[in-house]
file coords-v8.txt (compact mmCIF, C-alpha atoms)
# COMPACT_ATOMS: atom_id res chain seq x y z
CA MET G 1 25.32 -26.98 -89.31
CA TYR G 2 22.38 -26.95 -86.94
CA LEU G 3 19.49 -25.98 -89.21
CA PRO G 4 15.92 -25.83 -87.84
CA SER G 5 13.50 -26.10 -90.76
CA HIS G 6 12.04 -22.59 -90.28
CA PHE G 7 15.51 -21.14 -91.00
CA GLU G 8 16.31 -23.32 -94.01
CA GLU G 9 16.64 -21.84 -97.50
CA THR G 10 16.50 -24.59 -100.09
CA ARG G 11 16.24 -22.71 -103.40
CA ILE G 12 19.50 -23.39 -105.23
CA ASP G 13 19.29 -20.15 -107.23
CA VAL G 14 19.00 -18.13 -104.01
CA LEU G 15 22.00 -19.95 -102.51
CA HIS G 16 24.07 -19.32 -105.65
CA GLU G 17 23.00 -15.65 -105.56
CA LEU G 18 24.34 -15.31 -101.99
CA ILE G 19 27.66 -16.83 -103.09
CA ARG G 20 27.86 -14.33 -105.98
CA ALA G 21 27.06 -11.43 -103.63
CA GLN G 22 29.53 -12.59 -100.94
CA PRO G 23 32.14 -14.50 -102.96
CA LEU G 24 34.86 -14.62 -100.26
CA GLY G 25 34.33 -18.17 -99.04
CA LEU G 26 36.12 -19.85 -96.16
CA LEU G 27 37.54 -23.14 -97.45
CA ILE G 28 37.72 -25.63 -94.58
CA THR G 29 39.74 -28.82 -94.85
CA LEU G 30 41.31 -31.41 -92.59
CA SER G 31 45.06 -32.03 -92.76
CA ALA G 32 47.53 -33.98 -90.65
CA ASN G 33 47.93 -30.74 -88.64
CA GLY G 34 44.22 -30.51 -87.85
CA LEU G 35 41.44 -28.27 -89.14
CA GLN G 36 42.49 -25.67 -91.73
CA ALA G 37 40.49 -22.62 -92.86
CA ASN G 38 41.56 -20.31 -95.71
CA PRO G 39 39.52 -17.48 -97.31
CA PHE G 40 39.38 -17.31 -101.13
CA PRO G 41 37.10 -15.59 -103.64
CA PHE G 42 35.10 -18.28 -105.45
CA LEU G 43 33.15 -18.53 -108.69
CA ILE G 44 29.95 -20.60 -108.57
CA ASP G 45 28.87 -22.34 -111.75
CA ALA G 46 25.35 -23.79 -111.98
CA GLY G 47 26.47 -27.10 -113.46
CA PRO G 48 26.44 -29.91 -113.06
CA THR G 49 22.86 -29.51 -111.84
CA PRO G 50 21.40 -29.41 -109.33
CA LEU G 51 24.11 -28.08 -106.98
CA GLY G 52 26.88 -26.70 -109.22
CA THR G 53 30.63 -26.29 -108.82
CA LEU G 54 32.90 -23.86 -106.96
CA ARG G 55 36.15 -22.79 -108.61
CA GLY G 56 39.04 -20.58 -107.58
CA HIS G 57 42.79 -20.56 -107.09
CA LEU G 58 45.38 -20.29 -104.36
CA ALA G 59 49.07 -19.59 -103.91
CA ARG G 60 51.21 -22.54 -104.92
CA ALA G 61 53.07 -21.90 -101.65
CA ASN G 62 49.87 -22.63 -99.69
CA PRO G 63 50.26 -26.31 -98.72
CA LEU G 64 46.48 -26.77 -98.54
CA TRP G 65 46.13 -28.09 -102.10
CA HIS G 66 48.39 -31.09 -101.45
CA GLU G 67 47.88 -31.50 -97.69
CA ALA G 68 44.07 -31.66 -97.48
CA ARG G 69 42.90 -35.15 -96.60
CA ALA G 70 41.02 -36.68 -99.52
CA ASP G 71 38.82 -38.88 -97.30
CA VAL G 72 37.08 -35.87 -95.66
CA ASP G 73 34.98 -33.63 -97.92
CA ALA G 74 35.94 -29.97 -98.04
CA LEU G 75 33.45 -27.41 -96.69
CA VAL G 76 33.16 -23.84 -98.01
CA VAL G 77 31.27 -21.30 -95.89
CA PHE G 78 29.90 -18.04 -97.30
CA GLN G 79 28.71 -15.40 -94.85
CA GLY G 80 25.93 -12.95 -95.62
CA PRO G 81 24.54 -10.13 -93.46
CA GLN G 82 24.47 -10.57 -89.66
CA ALA G 83 23.33 -8.49 -86.70
CA TYR G 84 22.69 -8.69 -82.95
CA ILE G 85 18.97 -8.58 -82.22
CA SER G 86 17.98 -6.81 -79.01
CA PRO G 87 14.74 -8.02 -77.36
CA SER G 88 13.84 -4.32 -77.17
CA LEU G 89 13.11 -4.45 -80.91
CA TYR G 90 10.17 -6.82 -80.33
CA PRO G 91 6.78 -5.17 -79.63
CA SER G 92 5.92 -8.39 -77.75
CA LYS G 93 8.45 -7.37 -75.07
CA ALA G 94 6.00 -4.74 -73.80
CA ALA G 95 3.09 -7.22 -73.87
CA THR G 96 4.58 -10.28 -72.13
CA GLY G 97 8.24 -9.61 -71.35
CA LYS G 98 8.92 -13.13 -72.67
CA VAL G 99 11.79 -12.27 -75.00
CA VAL G 100 15.54 -12.96 -75.15
CA PRO G 101 18.36 -11.65 -77.38
CA THR G 102 19.57 -13.51 -80.44
CA TRP G 103 21.87 -13.08 -83.42
CA ASN G 104 20.53 -13.05 -86.97
CA TYR G 105 22.70 -14.17 -89.88
CA VAL G 106 22.71 -15.60 -93.37
CA THR G 107 25.12 -18.37 -94.33
CA VAL G 108 25.59 -20.81 -97.20
CA GLN G 109 27.59 -23.99 -96.74
CA ALA G 110 28.84 -26.00 -99.72
CA ARG G 111 30.50 -29.40 -99.53
CA GLY G 112 32.37 -31.69 -101.88
CA LYS G 113 35.70 -33.24 -102.85
CA LEU G 114 38.49 -30.70 -103.31
CA ARG G 115 40.39 -31.11 -106.57
CA ALA G 116 43.61 -29.20 -107.28
CA VAL G 117 44.03 -28.18 -110.92
CA ASP G 118 47.69 -27.56 -111.74
CA ASP G 119 47.08 -26.57 -115.38
CA PRO G 120 48.17 -23.10 -116.61
CA ALA G 121 45.39 -22.77 -119.23
CA TRP G 122 42.66 -23.73 -116.73
CA VAL G 123 44.06 -21.40 -114.08
CA ARG G 124 44.30 -18.53 -116.59
CA GLY G 125 40.64 -19.07 -117.48
CA ILE G 126 39.57 -18.83 -113.82
CA VAL G 127 41.72 -15.75 -113.19
CA GLU G 128 40.18 -14.06 -116.26
CA ARG G 129 36.63 -14.90 -115.15
CA LEU G 130 37.21 -13.74 -111.57
CA THR G 131 38.72 -10.53 -112.92
CA GLN G 132 35.83 -9.89 -115.31
CA THR G 133 33.34 -10.51 -112.51
CA HIS G 134 34.92 -8.16 -109.99
CA GLU G 135 36.01 -5.48 -112.48
CA ALA G 136 32.51 -5.28 -114.02
CA PRO G 137 31.29 -2.47 -111.69
CA ARG G 138 34.28 -0.24 -112.60
CA ALA G 139 34.00 2.52 -115.22
CA VAL G 140 37.14 1.20 -116.95
CA PRO G 141 37.46 -2.51 -116.12
CA TRP G 142 41.01 -3.84 -115.88
CA ALA G 143 41.67 -7.03 -117.87
CA VAL G 144 44.39 -9.66 -117.48
CA SER G 145 45.58 -8.77 -121.01
CA ASP G 146 46.41 -5.24 -119.75
CA ALA G 147 49.52 -6.60 -117.98
CA PRO G 148 52.74 -7.65 -119.77
CA THR G 149 52.52 -11.29 -120.99
CA ASP G 150 55.74 -12.44 -119.29
CA TYR G 151 54.62 -10.91 -116.00
CA VAL G 152 51.19 -12.56 -116.17
CA ASN G 153 52.74 -15.93 -116.99
CA SER G 154 55.07 -15.71 -114.00
CA MET G 155 52.13 -14.81 -111.72
CA LEU G 156 50.06 -17.71 -113.09
CA ARG G 157 52.90 -20.15 -112.35
CA ALA G 158 52.73 -19.05 -108.70
CA ILE G 159 49.10 -20.20 -108.28
CA VAL G 160 47.15 -23.47 -108.51
CA GLY G 161 43.48 -23.94 -109.39
CA ILE G 162 40.91 -25.51 -107.09
CA GLU G 163 37.54 -27.03 -107.97
CA ILE G 164 34.80 -28.49 -105.79
CA GLU G 165 31.88 -30.20 -107.50
CA LEU G 166 29.20 -29.86 -104.84
CA SER G 167 27.69 -32.92 -103.18
CA ALA G 168 25.73 -30.83 -100.63
CA LEU G 169 24.58 -27.22 -100.44
CA GLN G 170 22.74 -25.74 -97.43
CA GLY G 171 21.43 -22.28 -96.70
CA LYS G 172 20.52 -20.90 -93.28
CA TRP G 173 18.59 -17.63 -93.29
CA LYS G 174 18.20 -16.90 -89.57
CA VAL G 175 16.19 -13.72 -90.06
CA SER G 176 13.47 -13.69 -87.37
CA GLN G 177 11.09 -16.10 -89.17
CA ASN G 178 10.29 -17.61 -85.75
CA ARG G 179 8.80 -14.28 -84.54
CA SER G 180 5.33 -12.78 -85.08
CA ALA G 181 4.75 -10.36 -87.98
CA ALA G 182 4.74 -7.46 -85.50
CA ASP G 183 8.07 -8.53 -83.99
CA ARG G 184 9.60 -8.92 -87.47
CA GLN G 185 8.47 -5.40 -88.31
CA GLY G 186 10.00 -4.15 -85.08
CA VAL G 187 13.34 -5.81 -85.89
CA ALA G 188 13.39 -4.49 -89.47
CA HIS G 189 12.62 -0.97 -88.29
CA GLY G 190 15.13 -1.08 -85.42
CA LEU G 191 17.97 -2.41 -87.59
CA ALA G 192 17.27 0.18 -90.28
CA GLN G 193 17.58 2.91 -87.64
CA GLN G 194 20.84 1.42 -86.28
CA ALA G 195 22.24 1.14 -89.81
CA GLN G 196 21.48 4.80 -90.45
CA ALA G 197 23.17 5.79 -87.20
CA SER G 198 26.29 3.66 -87.76
CA ALA G 199 26.50 3.53 -91.58
CA ASN G 200 26.69 -0.23 -91.04
CA SER G 201 25.75 -1.88 -94.31
CA GLN G 202 25.63 -5.39 -92.81
CA THR G 203 22.97 -4.16 -90.41
CA ALA G 204 21.10 -2.44 -93.22
CA ALA G 205 21.14 -5.64 -95.26
CA MET G 206 19.78 -7.62 -92.31
CA ALA G 207 17.03 -5.01 -91.90
CA ARG G 208 15.96 -5.55 -95.51
CA LEU G 209 16.01 -9.32 -95.05
CA VAL G 210 13.86 -9.23 -91.96
CA ALA G 211 11.44 -6.94 -93.78
CA GLY G 212 11.11 -9.67 -96.41
CA GLY G 213 13.17 -7.89 -99.02
CA SER G 214 16.01 -9.07 -101.22
CA THR G 215 17.67 -12.36 -100.31
CA ALA G 216 21.07 -10.89 -99.42
CA MET U 1 45.92 -20.93 -92.61
CA TYR U 2 48.51 -19.86 -95.15
CA LEU U 3 50.15 -16.87 -93.47
CA PRO U 4 53.11 -15.09 -95.12
CA SER U 5 54.99 -13.16 -92.44
CA HIS U 6 54.25 -9.73 -93.95
CA PHE U 7 50.53 -10.36 -93.36
CA GLU U 8 50.85 -11.74 -89.81
CA GLU U 9 49.44 -9.83 -86.83
CA THR U 10 50.90 -11.22 -83.61
CA ARG U 11 49.77 -8.71 -80.97
CA ILE U 12 47.33 -10.59 -78.75
CA ASP U 13 45.50 -7.42 -77.71
CA VAL U 14 44.87 -6.54 -81.37
CA LEU U 15 43.55 -10.06 -82.07
CA HIS U 16 41.24 -9.89 -79.03
CA GLU U 17 40.05 -6.46 -80.20
CA LEU U 18 39.05 -7.89 -83.60
CA ILE U 19 37.09 -10.66 -81.85
CA ARG U 20 35.27 -8.06 -79.74
CA ALA U 21 34.50 -5.97 -82.84
CA GLN U 22 33.35 -8.99 -84.90
CA PRO U 23 32.12 -11.42 -82.24
CA LEU U 24 30.17 -13.76 -84.54
CA GLY U 25 32.73 -16.56 -84.84
CA LEU U 26 32.45 -19.65 -87.00
CA LEU U 27 33.04 -22.68 -84.77
CA ILE U 28 34.54 -25.48 -86.84
CA THR U 29 34.66 -29.05 -85.57
CA LEU U 30 35.03 -32.56 -86.91
CA SER U 31 32.29 -35.11 -86.27
CA ALA U 32 31.55 -38.59 -87.57
CA ASN U 33 29.56 -36.83 -90.33
CA GLY U 34 32.54 -34.76 -91.46
CA LEU U 35 33.46 -31.10 -91.06
CA GLN U 36 30.91 -28.97 -89.17
CA ALA U 37 30.71 -25.16 -89.07
CA ASN U 38 28.29 -23.19 -86.85
CA PRO U 39 28.23 -19.41 -86.23
CA PHE U 40 27.92 -18.20 -82.62
CA PRO U 41 28.60 -14.90 -80.86
CA PHE U 42 31.61 -15.38 -78.58
CA LEU U 43 33.08 -13.63 -75.57
CA ILE U 44 36.87 -13.46 -75.40
CA ASP U 45 38.48 -13.36 -71.98
CA ALA U 46 42.17 -12.43 -71.67
CA GLY U 47 43.00 -15.25 -69.26
CA PRO U 48 44.68 -17.55 -68.92
CA THR U 49 47.48 -15.53 -70.51
CA PRO U 50 48.81 -15.29 -73.07
CA LEU U 51 46.03 -16.40 -75.44
CA GLY U 52 42.81 -16.30 -73.44
CA THR U 53 39.52 -18.20 -73.59
CA LEU U 54 36.45 -18.09 -75.84
CA ARG U 55 33.04 -18.65 -74.26
CA GLY U 56 29.51 -18.84 -75.59
CA HIS U 57 26.47 -21.08 -75.75
CA LEU U 58 24.42 -23.06 -78.23
CA ALA U 59 21.04 -24.71 -78.53
CA ARG U 60 20.85 -27.97 -76.62
CA ALA U 61 19.25 -29.39 -79.78
CA ASN U 62 22.45 -28.67 -81.73
CA PRO U 63 24.30 -32.02 -81.65
CA LEU U 64 27.69 -30.28 -82.00
CA TRP U 65 28.39 -30.18 -78.26
CA HIS U 66 28.29 -33.96 -77.91
CA GLU U 67 29.26 -35.00 -81.44
CA ALA U 68 32.50 -33.01 -81.93
CA ARG U 69 35.51 -35.30 -81.94
CA ALA U 70 37.68 -34.67 -78.89
CA ASP U 71 40.91 -35.73 -80.63
CA VAL U 72 40.77 -32.84 -83.15
CA ASP U 73 41.05 -29.29 -81.74
CA ALA U 74 38.17 -26.94 -82.54
CA LEU U 75 38.89 -23.90 -84.72
CA VAL U 76 36.99 -20.60 -84.41
CA VAL U 77 37.28 -18.11 -87.28
CA PHE U 78 36.43 -14.42 -86.91
CA GLN U 79 36.12 -12.33 -90.07
CA GLY U 80 36.97 -8.63 -90.21
CA PRO U 81 36.69 -6.22 -93.16
CA GLN U 82 37.30 -7.54 -96.68
CA ALA U 83 37.31 -6.07 -100.18
CA TYR U 84 38.26 -6.86 -103.79
CA ILE U 85 41.32 -4.85 -104.84
CA SER U 86 41.41 -3.75 -108.46
CA PRO U 87 44.88 -3.31 -110.01
CA SER U 88 43.53 0.05 -111.24
CA LEU U 89 43.88 1.35 -107.67
CA TYR U 90 47.69 1.01 -107.85
CA PRO U 91 49.59 4.04 -109.25
CA SER U 92 52.28 1.50 -110.28
CA LYS U 93 49.86 0.16 -112.91
CA ALA U 94 50.47 3.26 -115.03
CA ALA U 95 54.25 2.98 -114.53
CA THR U 96 54.91 -0.71 -115.26
CA GLY U 97 51.60 -2.49 -115.90
CA LYS U 98 52.93 -5.26 -113.63
CA VAL U 99 49.88 -5.58 -111.39
CA VAL U 100 47.20 -8.21 -110.73
CA PRO U 101 43.97 -8.19 -108.71
CA THR U 102 43.77 -9.52 -105.18
CA TRP U 103 41.39 -9.69 -102.24
CA ASN U 104 42.17 -7.98 -98.94
CA TYR U 105 40.77 -9.29 -95.67
CA VAL U 106 41.28 -9.49 -91.94
CA THR U 107 40.79 -12.75 -90.08
CA VAL U 108 41.54 -14.16 -86.65
CA GLN U 109 41.74 -17.91 -86.06
CA ALA U 110 41.59 -19.38 -82.56
CA ARG U 111 42.18 -23.01 -81.70
CA GLY U 112 41.75 -25.24 -78.68
CA LYS U 113 39.81 -28.06 -77.06
CA LEU U 114 36.04 -27.55 -77.05
CA ARG U 115 34.44 -28.09 -73.65
CA ALA U 116 30.67 -28.23 -73.22
CA VAL U 117 29.43 -26.73 -69.95
CA ASP U 118 26.00 -28.08 -69.01
CA ASP U 119 25.64 -26.01 -65.85
CA PRO U 120 22.67 -23.59 -65.48
CA ALA U 121 24.54 -21.05 -63.29
CA TRP U 122 27.55 -20.93 -65.67
CA VAL U 123 25.28 -20.60 -68.70
CA ARG U 124 23.26 -17.85 -67.06
CA GLY U 125 26.49 -15.95 -66.36
CA ILE U 126 27.54 -16.13 -70.03
CA VAL U 127 24.09 -15.09 -71.26
CA GLU U 128 24.13 -12.10 -68.89
CA ARG U 129 27.62 -11.03 -70.03
CA LEU U 130 26.78 -11.41 -73.72
CA THR U 131 23.62 -9.40 -73.16
CA GLN U 132 25.43 -6.63 -71.27
CA THR U 133 28.07 -6.44 -74.01
CA HIS U 134 25.64 -6.18 -76.91
CA GLU U 135 23.04 -4.05 -75.15
CA ALA U 136 25.65 -1.50 -74.01
CA PRO U 137 25.26 0.77 -77.10
CA ARG U 138 21.48 1.05 -76.57
CA ALA U 139 19.92 4.05 -74.80
CA VAL U 140 17.94 1.71 -72.53
CA PRO U 141 19.85 -1.58 -72.32
CA TRP U 142 17.71 -4.68 -71.90
CA ALA U 143 18.80 -7.03 -69.08
CA VAL U 144 18.08 -10.71 -68.53
CA SER U 145 16.33 -9.76 -65.29
CA ASP U 146 13.73 -7.81 -67.35
CA ALA U 147 12.12 -11.10 -68.43
CA PRO U 148 9.91 -13.27 -66.16
CA THR U 149 12.05 -15.66 -64.05
CA ASP U 150 10.19 -18.84 -65.11
CA TYR U 151 10.53 -17.87 -68.77
CA VAL U 152 14.28 -17.16 -68.45
CA ASN U 153 14.84 -20.46 -66.65
CA SER U 154 13.06 -22.40 -69.37
CA MET U 155 15.14 -20.64 -72.06
CA LEU U 156 18.37 -21.37 -70.15
CA ARG U 157 17.47 -25.08 -69.96
CA ALA U 158 17.32 -25.09 -73.77
CA ILE U 159 20.98 -24.06 -74.16
CA VAL U 160 24.41 -25.45 -73.24
CA GLY U 161 27.60 -23.49 -72.58
CA ILE U 162 30.80 -23.87 -74.59
CA GLU U 163 34.35 -22.92 -73.62
CA ILE U 164 37.61 -23.09 -75.57
CA GLU U 165 40.83 -22.31 -73.72
CA LEU U 166 43.06 -21.24 -76.59
CA SER U 167 46.17 -23.21 -77.50
CA ALA U 168 46.81 -21.15 -80.66
CA LEU U 169 45.74 -17.73 -81.93
CA GLN U 170 46.65 -16.34 -85.35
CA GLY U 171 45.84 -13.07 -87.09
CA LYS U 172 46.07 -12.41 -90.82
CA TRP U 173 45.82 -8.75 -91.82
CA LYS U 174 46.05 -8.96 -95.62
CA VAL U 175 45.85 -5.21 -96.16
CA SER U 176 48.29 -4.36 -98.99
CA GLN U 177 51.47 -4.41 -96.82
CA ASN U 178 53.26 -6.04 -99.78
CA ARG U 179 52.71 -2.92 -101.94
CA SER U 180 54.64 0.37 -102.10
CA ALA U 181 53.51 3.34 -100.01
CA ALA U 182 52.07 4.94 -103.16
CA ASP U 183 50.08 1.82 -104.05
CA ARG U 184 48.75 1.58 -100.48
CA GLN U 185 47.60 5.19 -100.68
CA GLY U 186 45.92 4.42 -104.01
CA VAL U 187 44.05 1.46 -102.50
CA ALA U 188 42.97 3.41 -99.41
CA HIS U 189 41.70 6.29 -101.53
CA GLY U 190 39.95 4.02 -104.05
CA LEU U 191 38.19 1.95 -101.37
CA ALA U 192 37.09 5.08 -99.53
CA GLN U 193 35.49 6.33 -102.76
CA GLN U 194 33.78 2.97 -103.39
CA ALA U 195 32.52 2.92 -99.81
CA GLN U 196 30.98 6.37 -100.21
CA ALA U 197 29.31 5.31 -103.47
CA SER U 198 27.94 2.05 -102.09
CA ALA U 199 27.49 2.81 -98.38
CA ASN U 200 29.53 -0.35 -97.88
CA SER U 201 31.01 -0.22 -94.40
CA GLN U 202 33.19 -3.31 -94.94
CA THR U 203 34.88 -1.48 -97.80
CA ALA U 204 35.22 1.68 -95.71
CA ALA U 205 36.82 -0.31 -92.91
CA MET U 206 39.31 -1.87 -95.32
CA ALA U 207 40.13 1.62 -96.66
CA ARG U 208 40.99 2.74 -93.12
CA LEU U 209 43.13 -0.34 -92.56
CA VAL U 210 45.10 0.12 -95.76
CA ALA U 211 45.65 3.77 -94.81
CA GLY U 212 47.25 2.51 -91.59
CA GLY U 213 44.33 3.43 -89.37
CA SER U 214 42.48 1.50 -86.69
CA THR U 215 43.02 -2.25 -86.52
CA ALA U 216 39.50 -3.29 -87.47
call {"tool": "encode", "arguments": {"input": "coords-v8.txt", "output": "structure tokens"}}
result
Amino acid sequence: MYLPSHFEETRIDVLHELIRAQPLGLLITLSANGLQANPFPFLIDAGPTPLGTLRGHLARANPLWHEARADVDALVVFQGPQAYISPSLYPSKAATGKVVPTWNYVTVQARGKLRAVDDPAWVRGIVERLTQTHEAPRAVPWAVSDAPTDYVNSMLRAIVGIEIELSALQGKWKVSQNRSAADRQGVAHGLAQQAQASANSQTAAMARLVAGGSTA
Amino acid sequence: MYLPSHFEETRIDVLHELIRAQPLGLLITLSANGLQANPFPFLIDAGPTPLGTLRGHLARANPLWHEARADVDALVVFQGPQAYISPSLYPSKAATGKVVPTWNYVTVQARGKLRAVDDPAWVRGIVERLTQTHEAPRAVPWAVSDAPTDYVNSMLRAIVGIEIELSALQGKWKVSQNRSAADRQGVAHGLAQQAQASANSQTAAMARLVAGGSTA
């Protein structure tokens, strides 16, 4: 990824936080049929330090887990907030006219060797953790143990675990850091107004980022 | 991409519509340094039929346009609405308990040979069209001609055009089509409630999709 230093986010805890907030990662691999991209919800674990490990699962019927070429590292891309930035949001437009449009976005890219884990106990553990994570906000969280044992076992046989111990982890926070403080304020204010008008939460999140608020 | 037939969207106009609604595509290429993924806003043109052409531009300083391997087709991934689906949203949970969580999402994947276009007039045309497209919702749309000519020319020299005539175009609408009508209603209702609680427009969009509403 092209990553000018003023857009780079290097704090590992911030990158892990984005992955937890936007856990649907795009797993990119190379196979004999070319580039492959499949979305999966991932868990990020902090160890081994410093970069951590991504874990998840996929349908056994998805050929990815046995077709991905082992000599090319897998890449997993997580996408945070994004928004078109009109030059009209910059106060400097009125002063000099020297402004052009751009697109703001937040993305985290993780890289490492993809390992398939065809082990029912391991896969059950990941399914239980993913479930606990995503059921946590619910008033009455569903648990894997709520379903009949035979049914759960048959569903678990239909999936395979995946694990990527990270060898690289990059964050790009393209959120107007290359503009003056006044222009950043103009963007944050303009996006907040657009978000209110459109109920667009991605835009609202980008507004908070540009204002220097929460990381994602 | 793993694409069971019940999740496949084959209508080209629907796929182009998703690209226009979510134009920030992830351009994936292979270079000598491995897999590369860079987000750019794209324009989709309907011709040549049937699949059309993606066009955009990137920073000249981004090595992608001269480092991407020509023998591996580029892949561009567009992401629509997505949401975690709790088994608690299915009425069938109460009846049989035979339910597990999943993740719904909409994605379009476009493939073809990447061509760099280092031609100032071509690049200016793309910048003007992108600007017109994304400024259209604004009360007073900004236009490239609003900026000083020398400034615009210097900015245009800093970018390079890209064009991908599509050789493949796939759509995956994973929006609960494999569930009963009652379960789909339960998901649509549950997501709509969550969206109201969280002001999460992605969730609201997925609720509309599951209910059989607009395509993205």
call {"tool": "interface_residues", "arguments": {"input": "coords-v8.txt", "of": "chain U", "to": "chain G", "cutoff": "6 Å", "atoms": "all atoms listed in the file", "output": "VMD selection string"}}
result
chain U and resid 1 to 2 36 to 38 62 97 to 98 147 200 to 201
call {"tool": "write_last_selection", "arguments": {"input": "coords-v8.txt", "atoms": "C-alpha atoms", "output": "mmCIF file, keeping the file's coordinate frame"}}
result
data_model
loop_
_atom_site.group_PDB
_atom_site.id
_atom_site.type_symbol
_atom_site.label_atom_id
_atom_site.label_comp_id
_atom_site.auth_asym_id
_atom_site.auth_seq_id
_atom_site.Cartn_x
_atom_site.Cartn_y
_atom_site.Cartn_z
ATOM 1 C CA MET U 1 45.920 -20.930 -92.610
ATOM 2 C CA TYR U 2 48.510 -19.860 -95.150
ATOM 3 C CA GLN U 36 30.910 -28.970 -89.170
ATOM 4 C CA ALA U 37 30.710 -25.160 -89.070
ATOM 5 C CA ASN U 38 28.290 -23.190 -86.850
ATOM 6 C CA ASN U 62 22.450 -28.670 -81.730
ATOM 7 C CA GLY U 97 51.600 -2.490 -115.900
ATOM 8 C CA LYS U 98 52.930 -5.260 -113.630
ATOM 9 C CA ALA U 147 12.120 -11.100 -68.430
ATOM 10 C CA ASN U 200 29.530 -0.350 -97.880
ATOM 11 C CA SER U 201 31.010 -0.220 -94.400
#
call {"tool": "residues_around", "arguments": {"input": "coords-v8.txt", "residues": "Leu166 (chain U)", "least_positions_apart": "4", "cutoff": "8 Å", "atoms": "only C-alpha atoms", "output": "list in words"}}
result
Leu51, Gly52, Thr53, Leu54, Ala110, Arg111, Gly112 and Lys113 of chain U
call {"tool": "write_last_selection", "arguments": {"input": "coords-v8.txt", "atoms": "C-alpha atoms", "output": "PDB file, in the frame of the given file"}}
result
ATOM      1  CA  LEU U  51      46.030 -16.400 -75.440  1.00  0.00           C
ATOM      2  CA  GLY U  52      42.810 -16.300 -73.440  1.00  0.00           C
ATOM      3  CA  THR U  53      39.520 -18.200 -73.590  1.00  0.00           C
ATOM      4  CA  LEU U  54      36.450 -18.090 -75.840  1.00  0.00           C
ATOM      5  CA  ALA U 110      41.590 -19.380 -82.560  1.00  0.00           C
ATOM      6  CA  ARG U 111      42.180 -23.010 -81.700  1.00  0.00           C
ATOM      7  CA  GLY U 112      41.750 -25.240 -78.680  1.00  0.00           C
ATOM      8  CA  LYS U 113      39.810 -28.060 -77.060  1.00  0.00           C
TER       9      LYS U 113
END
call {"tool": "closest_residue", "arguments": {"input": "coords-v8.txt", "among": "G:Glu67, G:Glu8, G:Asp13, G:Asp119", "to": "Gly161 (chain G)", "atoms": "all atoms listed in the file"}}
result
G:Asp119
call {"tool": "atom_distance", "arguments": {"input": "coords-v8.txt", "atom1": "CA of Arg184 (chain U)", "atom2": "CA of Gln132 (chain G)"}}
result
22.8 Å
call {"tool": "closest_residue", "arguments": {"input": "coords-v8.txt", "among": "G:Ala139, G:Ile12, G:Ile164, G:Ala158", "to": "Arg55 (chain G)", "atoms": "only C-alpha atoms"}}
result
G:Ile164
call {"tool": "atom_distance", "arguments": {"input": "coords-v8.txt", "atom1": "CA of Ser176 (chain G)", "atom2": "CA of Asp118 (chain U)"}}
result
26.5 Å
call {"tool": "atom_distance", "arguments": {"input": "coords-v8.txt", "atom1": "CA of Trp65 (chain U)", "atom2": "CA of Ala116 (chain U)"}}
result
5.9 Å
call {"tool": "closest_residue", "arguments": {"input": "coords-v8.txt", "among": "U:Ser145, U:Ala136, U:Gly186, U:Trp122", "to": "Val160 (chain U)", "atoms": "only C-alpha atoms"}}
result
U:Trp122
